[in-house]
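Below is query.txt, holding compact mmCIF, C-alpha atoms.
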# COMPACT_ATOMS: atom_id res chain seq x y z
CA MET A 1 182.07 105.92 56.53
CA THR A 2 183.37 104.52 53.26
CA PRO A 3 182.67 100.96 52.10
CA SER A 4 186.34 100.15 52.78
CA GLU A 5 186.14 101.45 56.35
CA PHE A 6 182.90 99.53 56.89
CA ALA A 7 184.47 96.31 55.57
CA ARG A 8 187.59 96.75 57.69
CA ASN A 9 185.46 97.19 60.81
CA LYS A 10 183.45 94.06 60.01
CA PHE A 11 186.65 92.15 59.24
CA THR A 12 188.10 93.10 62.62
CA ALA A 13 184.99 91.67 64.29
CA PHE A 14 185.26 88.55 62.08
CA ILE A 15 188.86 87.97 63.18
CA GLU A 16 187.91 88.45 66.82
CA ASN A 17 185.24 85.75 66.38
CA VAL A 18 187.72 83.45 64.62
CA ASP A 19 190.19 83.90 67.48
CA ALA A 20 187.49 83.34 70.11
CA ALA A 21 186.47 80.11 68.37
CA ASN A 22 190.12 79.03 68.16
CA MET A 23 189.78 78.47 64.41
CA ASP A 24 192.55 78.26 61.84
CA LYS A 25 192.84 81.94 60.88
CA PRO A 26 194.17 81.46 57.30
CA ALA A 27 191.44 78.89 56.57
CA ALA A 28 188.74 81.21 57.90
CA ILE A 29 190.05 84.13 55.84
CA ARG A 30 190.17 81.96 52.70
CA ALA A 31 186.56 80.90 53.37
CA LEU A 32 185.55 84.54 53.75
CA LEU A 33 187.37 85.46 50.54
CA ASP A 34 185.65 82.61 48.68
CA THR A 35 182.27 83.73 49.99
CA ALA A 36 182.88 87.36 49.02
CA ALA A 37 184.13 86.44 45.53
CA SER A 38 181.09 84.21 44.94
CA ALA A 39 178.74 86.97 46.12
CA LEU A 40 180.43 89.49 43.80
CA ALA A 41 180.14 87.09 40.85
CA GLU A 42 176.42 86.66 41.57
CA ILE A 43 175.68 90.40 41.40
CA SER A 44 178.05 91.30 38.58
CA SER A 45 179.69 88.52 36.56
CA ILE A 46 182.36 85.89 36.99
CA GLU A 47 184.64 87.92 34.72
CA ASP A 48 184.13 91.06 36.81
CA ALA A 49 184.89 89.08 39.99
CA LYS A 50 188.07 87.71 38.39
CA ASN A 51 189.14 91.21 37.36
CA GLU A 52 188.49 92.55 40.87
CA LEU A 53 190.46 89.73 42.50
CA SER A 54 193.33 90.28 40.05
CA PHE A 55 193.33 94.00 40.83
CA ILE A 56 193.37 93.33 44.57
CA ALA A 57 196.18 90.76 44.24
CA ALA A 58 198.27 93.15 42.11
CA ASN A 59 197.87 95.93 44.68
CA ILE A 60 197.99 93.91 47.90
CA GLY A 61 199.34 95.88 50.81
CA ASP A 62 198.40 99.21 49.28
CA GLU A 63 196.43 101.10 51.92
CA GLU A 64 194.76 103.47 49.47
CA ASP A 65 191.16 102.95 48.38
CA TYR A 66 191.13 103.09 44.58
CA SER A 67 187.60 101.82 44.02
CA PHE A 68 187.02 104.52 41.38
CA MET A 69 189.86 103.03 39.29
CA ARG A 70 188.76 99.42 39.41
CA PRO A 71 187.68 97.72 36.20
Final structure tokens representation of the file:
Amino acid sequence: MTPSEFARNKFTAFIENVDAANMDKPAAIRALLDTAASALAEISSIEDAKNELSFIAANIGDEEDYSFMRP
């Protein structure tokens, strides 16, 4: 299992929990994104986290896993 597959599986479970709790889905996803970005910045750097988020935003909707090409 790749890290992307693992994350997608966990995200599916996260969304199921959000739905079961009748939470605002976009707000919950934004909170998860904020948490993940903060965690990435803690283990790398704020600049690396910004670059990763920019890469993801530029390639949103692309189903390929290009982790080897990320800055």
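Across the model, the gap from atom CA of Met1 of chain A to atom CA of Lys50 of chain A is 26.4 Å.
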Using all atoms listed in the file, collect all residues at a distance of at most 9 Å from (185.9, 89.4, 56.0) as written in the file, then present them as a PyMOL selection string. chain A and resi 7-8+10-15+28-29+31-33+36
Residue selection dump (C-alpha atoms) as a short mmCIF file (atom, residue, chain, number, x, y, z; two decimals), keeping the file's coordinate frame:
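Final output, out_18.cif:
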data_model
loop_
_atom_site.label_atom_id
_atom_site.label_comp_id
_atom_site.auth_asym_id
_atom_site.auth_seq_id
_atom_site.Cartn_x
_atom_site.Cartn_y
_atom_site.Cartn_z
CA ALA A 7 184.47 96.31 55.57
CA ARG A 8 187.59 96.75 57.69
CA LYS A 10 183.45 94.06 60.01
CA PHE A 11 186.65 92.15 59.24
CA THR A 12 188.10 93.10 62.62
CA ALA A 13 184.99 91.67 64.29
CA PHE A 14 185.26 88.55 62.08
CA ILE A 15 188.86 87.97 63.18
CA ALA A 28 188.74 81.21 57.90
CA ILE A 29 190.05 84.13 55.84
CA ALA A 31 186.56 80.90 53.37
CA LEU A 32 185.55 84.54 53.75
CA LEU A 33 187.37 85.46 50.54
CA ALA A 36 182.88 87.36 49.02
#
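Rounded to one decimal, atom CA of Ser38 of chain A and atom CA of Leu53 of chain A lie 11.1 Å from each other.
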Produce the centre coordinates and the three edge lengths, each in Å to one decimal, of the box along x, y and z that contains all listed atoms of segment 6-23 of chain A with 3 Å added on each side, as JSON.
{"center_x": 186.5, "center_y": 89.0, "center_z": 62.8, "size_x": 13.3, "size_y": 27.1, "size_z": 20.5}
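A straight line drawn from atom CA of Ala57 of chain A to atom CA of Ala20 of chain A is 28.3 Å long.
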